[in-house]
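Take a look at the structure set out below.
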Amino acid sequence: MLQQLDHLPPGFMTAAARELHRVLPGPTLIHLPGDAPERLFVSILLHGNEDVGLLALQSVLASYGARRLPRGLSVFVGNVDAAGAGVRRLEDQPDFNRIWSTAPPRTPYEHMAAAVVEVMRQRAVFATLDLHNNSGRNPLYSCLSGTQRQHLVLARLFSPLAVLIESQPSLGAAFAAFSPTISCECGEIGSAQGVFRAAALIDKCLRAGPALFESGDAPGEGESLDIFEAFAVLKVAESLSLACDDHGDNEADIRLLPEIESLNFRALEAGHVIATTAPQLAVEPLRAFGLDGRPIAGLFQHSERRVRLAQPAIAAMLTRDLRAIRQDCLGYLMRRVRLAAS
């Protein structure tokens with residue numbers, strides 16, 4: 001399933017995400033030479049409709065033209081088929097950011113992911129950037145799989161906001177075991193700011209020397225790195241119909257608040273309404289799970305056709321995108337992380 005190249009294929013620099021299937025037949029790992037031997041690894045299009053990584057990478061490479069890069073660059077181009085259809089993933093595919101398990105691979109997709117990890121583990125990886133768009137309105141932030149200093153340094157180069165998400169089989173978690181790693185959430189699809197900031201980060205990492213991770217203390221509150229830990233992922237019961245705003249099915253079992261995306265990165269008090277429901281709904285409308293997949297009880301109260309938070313929390317990644325909710329989740333609940341002094 002995985003092909004590897006040591007050059008950019010013709011048409012790559014000008015292709016839109018929806019055209020990339022004409023340039024690459026499928027998931028591809030591209031290795032480009034550079035002066036410093038430790039390579040920057042960049043992952044793009046794990047979700048086919050999130051084109052920020054492709055646009056940022058094209059911008060950076062165009063700025064170098066025919067000049068040699070300051071360090072080697074390896075690029076993993078993920079779900080080309082879904083990109084051609086303009087969707088997160090095709091219905092018969094897994095989520096390309098949930099195939100990076102540490103367990104022995106079982107499916108062709110997991111074998112592909114394991115091959116990418118093994119190839120890059122054998123090379124000296126300077127840093128890993130996994131580039132995404134958000135499906136909902138959020139500030140730009142990075143996702144961490146650990147709070148070791150090298151990950152925090154990298155996160156602060158991108159944004160003063162970071163979210164710790166552990167116990168998920170993501171690319172970020174797989175690479176954090178042997179490389180400074182962040183997953184960058186670069187705003188909604190089409191965000192020019194997201195493309196600009198992602199491109200700036202790629203260029204910084206290409207130009208940076210080893211001293212970036214070898215000296216100095218980890219950024220903390222004094223340097224405005226706010227870290228939050230995701231402790232619950234929110235899902236809608238599959239058997240229930242779903243709508244948002246005044247659109248869609250007026251008889252839907254669950255209706256999300258029109259302003260739900262404005263709740264992201266806000267501290268919400270107990271009792272805050274997340275959704276309304278049809279009368280006499282027999283099934284719990286929203287379910288909360290730990291990042292290990294285990295159900296969490298008691299996070300919501302459902303009464304008088306309203307679903308409320310049962311305890312204070314900080315929301316993130318809440319979205320009105322009904323397809324993304326069905327294929328992934330409604331969003332996350334978080335708490336602030338206080339790092340112990342070293």
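As shown in the structure tokens, the chain order sets the letters A, B, ...; within each chain, residues go from 1, and ligands are also counted from 1 in the order they appear.
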Write out as a ChimeraX atom specification the set of residues from range 16-204 of chain A that DSSP, computed on the backbone, places in strand (DSSP E).
/A:28-32,34-44,69-77,125-134,141-144,161-164,181-188
Neighbours of Ala103 in chain A within 10 Å (only C-alpha atoms; same-chain residues fewer than 5 positions away dropped), as a count of residues only?
3
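Our summary of the geometry notes that CA of Leu73 in chain A is positioned 14.0 Å from CA of Leu54 in chain A.
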Closest pair table for range 68-165 of chain A residues within 8 Å of range 178-194 of chain A, only C-alpha atoms, as JSON lines:
{"residue": "A:Arg121", "atom": "CA", "partner": "A:Phe178", "partner_atom": "CA", "distance": 7.2}
{"residue": "A:Val125", "atom": "CA", "partner": "A:Ser179", "partner_atom": "CA", "distance": 6.1}
{"residue": "A:Phe126", "atom": "CA", "partner": "A:Ser179", "partner_atom": "CA", "distance": 6.6}
{"residue": "A:Ala127", "atom": "CA", "partner": "A:Pro180", "partner_atom": "CA", "distance": 4.9}
{"residue": "A:Thr128", "atom": "CA", "partner": "A:Thr181", "partner_atom": "CA", "distance": 4.6}
{"residue": "A:Leu129", "atom": "CA", "partner": "A:Ile182", "partner_atom": "CA", "distance": 5.5}
{"residue": "A:Asp130", "atom": "CA", "partner": "A:Ser183", "partner_atom": "CA", "distance": 4.4}
{"residue": "A:Leu131", "atom": "CA", "partner": "A:Cys184", "partner_atom": "CA", "distance": 5.0}
{"residue": "A:His132", "atom": "CA", "partner": "A:Glu185", "partner_atom": "CA", "distance": 5.1}
{"residue": "A:Asn133", "atom": "CA", "partner": "A:Cys186", "partner_atom": "CA", "distance": 5.0}
{"residue": "A:Asn134", "atom": "CA", "partner": "A:Glu188", "partner_atom": "CA", "distance": 4.9}
{"residue": "A:Ser135", "atom": "CA", "partner": "A:Glu188", "partner_atom": "CA", "distance": 6.0}
{"residue": "A:Gly136", "atom": "CA", "partner": "A:Glu188", "partner_atom": "CA", "distance": 6.4}
{"residue": "A:Arg137", "atom": "CA", "partner": "A:Glu188", "partner_atom": "CA", "distance": 6.3}
{"residue": "A:Asn138", "atom": "CA", "partner": "A:Gly187", "partner_atom": "CA", "distance": 6.1}
{"residue": "A:Pro139", "atom": "CA", "partner": "A:Gly187", "partner_atom": "CA", "distance": 6.3}
{"residue": "A:Leu140", "atom": "CA", "partner": "A:Cys186", "partner_atom": "CA", "distance": 5.2}
{"residue": "A:Tyr141", "atom": "CA", "partner": "A:Glu185", "partner_atom": "CA", "distance": 5.4}
{"residue": "A:Ser142", "atom": "CA", "partner": "A:Cys184", "partner_atom": "CA", "distance": 4.4}
{"residue": "A:Cys143", "atom": "CA", "partner": "A:Ser183", "partner_atom": "CA", "distance": 4.9}
{"residue": "A:Leu144", "atom": "CA", "partner": "A:Ile182", "partner_atom": "CA", "distance": 5.5}
{"residue": "A:Ser145", "atom": "CA", "partner": "A:Ile182", "partner_atom": "CA", "distance": 7.7}
{"residue": "A:Gln150", "atom": "CA", "partner": "A:Pro180", "partner_atom": "CA", "distance": 5.3}
{"residue": "A:His151", "atom": "CA", "partner": "A:Pro180", "partner_atom": "CA", "distance": 5.0}
{"residue": "A:Leu154", "atom": "CA", "partner": "A:Ile182", "partner_atom": "CA", "distance": 6.9}
{"residue": "A:Ala155", "atom": "CA", "partner": "A:Ile182", "partner_atom": "CA", "distance": 6.3}
{"residue": "A:Phe158", "atom": "CA", "partner": "A:Cys184", "partner_atom": "CA", "distance": 7.7}
Find the spatial neighbours of Thr276 in chain A, counting only C-alpha atoms, within a cut-off of 7 Å - ignore same-chain residues fewer than 2 positions away - and output them as a CSV table (one decimal) with C-alpha atoms, in the first residue's frame.
chain,number,residue,atom,x,y,z
A,254,ILE,CA,-30.6,15.5,19.1
A,255,ARG,CA,-30.2,19.1,18.1
A,256,LEU,CA,-26.8,20.8,18.8
A,305,ARG,CA,-35.1,17.8,26.8
A,306,ARG,CA,-31.7,19.4,27.6
A,307,VAL,CA,-28.3,17.8,27.9
Could you pull the residues within 9 Å of Arg123 in chain A, counting only C-alpha atoms, minus those fewer than 6 positions along the same chain, as a PyMOL selection string?
chain A and resi 37-39
Any idea what's packed within 12 Å of Ile274 in chain A, counting only C-alpha atoms, ignoring anything in its chain fewer than 3 positions away? Could you give it as a ChimeraX atom specification?
/A:234,236,244,254-264,268-271,277,285-286,299-302,305-310,315,318-320,330-331,333
Expected file: the selected residues, N, CA and C atoms, as a short mmCIF file (atom, residue, chain, number, x, y, z; two decimals), in the first residue's frame:
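again-v4.cif, written as the output of this step:
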data_model
loop_
_atom_site.label_atom_id
_atom_site.label_comp_id
_atom_site.auth_asym_id
_atom_site.auth_seq_id
_atom_site.Cartn_x
_atom_site.Cartn_y
_atom_site.Cartn_z
N LEU A 234 -16.37 12.94 23.32
CA LEU A 234 -17.83 12.96 23.32
C LEU A 234 -18.36 12.38 22.01
N VAL A 236 -21.98 10.83 19.87
CA VAL A 236 -23.44 10.75 19.77
C VAL A 236 -23.82 9.30 19.55
N CYS A 244 -28.32 20.24 13.49
CA CYS A 244 -27.70 21.42 14.07
C CYS A 244 -28.36 22.65 13.48
N ILE A 254 -31.50 14.53 18.41
CA ILE A 254 -30.60 15.46 19.09
C ILE A 254 -30.39 16.68 18.20
N ARG A 255 -30.46 17.86 18.80
CA ARG A 255 -30.16 19.10 18.09
C ARG A 255 -29.05 19.81 18.85
N LEU A 256 -27.93 20.04 18.18
CA LEU A 256 -26.83 20.77 18.78
C LEU A 256 -27.14 22.25 18.80
N LEU A 257 -26.61 22.95 19.79
CA LEU A 257 -26.81 24.39 19.86
C LEU A 257 -26.17 25.07 18.66
N PRO A 258 -26.80 26.09 18.09
CA PRO A 258 -26.19 26.78 16.94
C PRO A 258 -24.81 27.33 17.24
N GLU A 259 -24.59 27.76 18.50
CA GLU A 259 -23.32 28.39 18.86
C GLU A 259 -22.33 27.40 19.46
N ILE A 260 -22.49 26.11 19.23
CA ILE A 260 -21.68 25.12 19.94
C ILE A 260 -20.18 25.30 19.69
N GLU A 261 -19.79 25.73 18.48
CA GLU A 261 -18.36 25.87 18.21
C GLU A 261 -17.75 27.04 18.97
N SER A 262 -18.57 28.00 19.40
CA SER A 262 -18.05 29.13 20.18
C SER A 262 -17.66 28.72 21.59
N LEU A 263 -18.01 27.49 21.98
CA LEU A 263 -17.65 27.00 23.32
C LEU A 263 -16.23 26.48 23.39
N ASN A 264 -15.58 26.29 22.25
CA ASN A 264 -14.24 25.70 22.25
C ASN A 264 -13.22 26.58 22.99
N LEU A 268 -16.39 25.97 30.93
CA LEU A 268 -17.84 25.86 31.05
C LEU A 268 -18.20 25.40 32.46
N GLU A 269 -19.22 26.01 33.01
CA GLU A 269 -19.66 25.65 34.35
C GLU A 269 -20.60 24.45 34.30
N ALA A 270 -20.72 23.77 35.41
CA ALA A 270 -21.71 22.70 35.52
C ALA A 270 -23.10 23.28 35.22
N GLY A 271 -23.89 22.54 34.46
CA GLY A 271 -25.20 23.00 34.08
C GLY A 271 -25.27 23.63 32.71
N THR A 277 -32.97 17.71 23.00
CA THR A 277 -33.36 16.40 22.48
C THR A 277 -34.86 16.35 22.21
N PRO A 285 -28.39 10.50 25.00
CA PRO A 285 -28.04 11.12 23.72
C PRO A 285 -26.54 11.30 23.50
N LEU A 286 -25.84 11.78 24.52
CA LEU A 286 -24.39 11.98 24.42
C LEU A 286 -23.68 11.04 25.37
N LEU A 299 -20.95 12.54 33.38
CA LEU A 299 -20.50 13.82 32.84
C LEU A 299 -21.65 14.67 32.33
N PHE A 300 -22.80 14.05 32.05
CA PHE A 300 -23.95 14.79 31.52
C PHE A 300 -25.18 14.54 32.37
N GLN A 301 -26.06 15.52 32.38
CA GLN A 301 -27.40 15.39 32.94
C GLN A 301 -28.40 15.61 31.81
N HIS A 302 -29.35 14.70 31.69
CA HIS A 302 -30.36 14.80 30.63
C HIS A 302 -31.73 14.91 31.28
N ARG A 305 -35.53 17.75 28.23
CA ARG A 305 -35.11 17.83 26.82
C ARG A 305 -33.79 18.59 26.65
N ARG A 306 -33.02 18.72 27.70
CA ARG A 306 -31.74 19.41 27.61
C ARG A 306 -30.62 18.50 28.12
N VAL A 307 -29.49 18.55 27.42
CA VAL A 307 -28.30 17.83 27.85
C VAL A 307 -27.33 18.87 28.43
N ARG A 308 -27.03 18.72 29.70
CA ARG A 308 -26.17 19.67 30.40
C ARG A 308 -24.92 19.00 30.91
N LEU A 309 -23.85 19.79 31.04
CA LEU A 309 -22.65 19.30 31.73
C LEU A 309 -22.97 19.11 33.20
N ALA A 310 -22.49 18.02 33.76
CA ALA A 310 -22.71 17.76 35.18
C ALA A 310 -21.56 18.28 36.04
N ALA A 315 -14.02 22.90 26.98
CA ALA A 315 -14.36 22.18 25.75
C ALA A 315 -13.32 22.45 24.67
N LEU A 318 -15.26 20.96 19.56
CA LEU A 318 -16.69 20.81 19.30
C LEU A 318 -16.98 21.29 17.88
N THR A 319 -17.80 20.56 17.16
CA THR A 319 -18.02 20.87 15.76
C THR A 319 -19.50 20.74 15.40
N ARG A 320 -19.90 21.46 14.36
CA ARG A 320 -21.24 21.33 13.79
C ARG A 320 -21.23 20.43 12.56
N LEU A 330 -17.94 14.28 18.57
CA LEU A 330 -18.49 15.64 18.70
C LEU A 330 -17.43 16.60 19.20
N GLY A 331 -16.53 16.14 20.05
CA GLY A 331 -15.49 16.99 20.60
C GLY A 331 -14.89 16.36 21.84
N LEU A 333 -13.58 17.07 26.17
CA LEU A 333 -13.55 17.86 27.38
C LEU A 333 -12.14 17.80 27.96
#
Using DSSP secondary structure from the backbone, list all alpha helix (DSSP H) positions within range 2-165 of chain A, as a PyMOL selection string.
chain A and resi 52-64+80-85+108-121+149-158
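Residue neighbourhood of Ala66 in chain A, excluding near-sequence residues (fewer than 3 positions): Pro33, Gly34, Leu61, Ala62, Ser63 and Leu69 of chain A, at 12 Å, using only C-alpha atoms.
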Those residues you just picked out, can you put them in a file as an mmCIF file, in the first residue's frame with N, CA and C atoms?
data_model
loop_
_atom_site.group_PDB
_atom_site.id
_atom_site.type_symbol
_atom_site.label_atom_id
_atom_site.label_comp_id
_atom_site.auth_asym_id
_atom_site.auth_seq_id
_atom_site.Cartn_x
_atom_site.Cartn_y
_atom_site.Cartn_z
ATOM 1 N N PRO A 33 16.540 15.367 -0.092
ATOM 2 C CA PRO A 33 17.846 15.587 0.545
ATOM 3 C C PRO A 33 17.959 16.984 1.132
ATOM 4 N N GLY A 34 18.912 17.143 2.073
ATOM 5 C CA GLY A 34 19.200 18.433 2.672
ATOM 6 C C GLY A 34 20.560 18.419 3.325
ATOM 7 N N LEU A 61 8.434 24.757 -0.027
ATOM 8 C CA LEU A 61 9.307 24.221 -1.065
ATOM 9 C C LEU A 61 9.453 25.200 -2.229
ATOM 10 N N ALA A 62 8.394 25.929 -2.551
ATOM 11 C CA ALA A 62 8.491 26.931 -3.621
ATOM 12 C C ALA A 62 9.450 28.042 -3.233
ATOM 13 N N SER A 63 9.519 28.378 -1.940
ATOM 14 C CA SER A 63 10.428 29.447 -1.510
ATOM 15 C C SER A 63 11.889 29.053 -1.663
ATOM 16 N N LEU A 69 17.740 22.061 0.476
ATOM 17 C CA LEU A 69 17.114 22.341 1.761
ATOM 18 C C LEU A 69 18.159 22.356 2.883
#
